[in-house]
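First comes the structure, then the notes that go with it.
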Amino acid sequence: MKADSVEQLKGLTLGEATAQDIQVELIRRGQHNAFDGERVAAKLLECRDLWDAVMMDRFALSNPGKLPSLGLVKLRDLPYDDWNVDTLYILARDKQAGHKLAEIFDMESWGGMVSVHDDRADVDSALGGCPDEKAVVVIWWD
């Protein structure tokens with residue numbers, strides 16, 4: 001990741017930006033209901049030492065052999081310049097960092113529903129395996 005602040009992020013060209021920078025920029029651009037992307041991106045960059053990766057997405061149901069249920073809402077809305085996502089996933093460096101991030105993004109002050117997943121088997125299953133004991137913080141905005 002090249003950007004350490006929102007100002008640096010805004011100054012990167014697409015060619016200079018890392019995949020993680022692009023994810024944070026997509027978060028920064030978001031604004032819906034109680035979700036304030038500018039504020040969330042700034043806070044994420046401020047506490048960069050607590051996480052390895054972040055991305056925002058939308059829940060989808062797998063339908064083997066068919067298109068995923070609700071999985072292509074983002075595709076539907078791209079022509080309108082709308083990145084239609086509602087759930088922030090943060091790969092915390094460890095369990096302690098995950099719980100600290102959950103405190104920072106507390107439901108009352110940020111408007112999202114926060115949960116920490118720190119069960120090793122659950123995290124390994126979601127990530128397809130992970131060499132370290134990580135935690136995943138999930139924040140959902142309605």
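Residues in the structure tokens are named by chain (A, B, ... in the order shown) and by number from 1 within that chain; ligands are numbered from 1 in the order shown.
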Would you mind listing what lies within 6 Å of stretch 50-65 of chain A as a list in words, with only C-alpha atoms counted and same-chain residues fewer than 6 positions away left out?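 Listed by chain and then number, they are Gln23, Gly71, Val85, Asp86, Thr87, Leu88, Tyr89, Ile90, Leu91, Ala92, Arg93 and Ala97 of chain A.
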Need the shell around A:Val116: protein/DNA/RNA residues with any atom at most 7 Å away, counting only C-alpha atoms. Skip same-chain ones fewer than 4 positions apart. Format as a list in words?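 The contact residues come out as Gly98, His99, Ala102, Ala135, Val136, Val137 and Val138 of chain A.
The gap separating atom CA of A:Leu9 from atom CA of A:Gln96 is 27.2 Å, in Å to one decimal.
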Can you list every residue in chain A that DSSP puts in alpha helix (DSSP H), as a PyMOL selection string? chain A and resi 6-11+19-29+37-46+73-77+95-104+107-110+120-127
How many Å lie between atom CA of A:Leu12 and atom CA of A:Gln31, rounded to one decimal? 21.1 Å
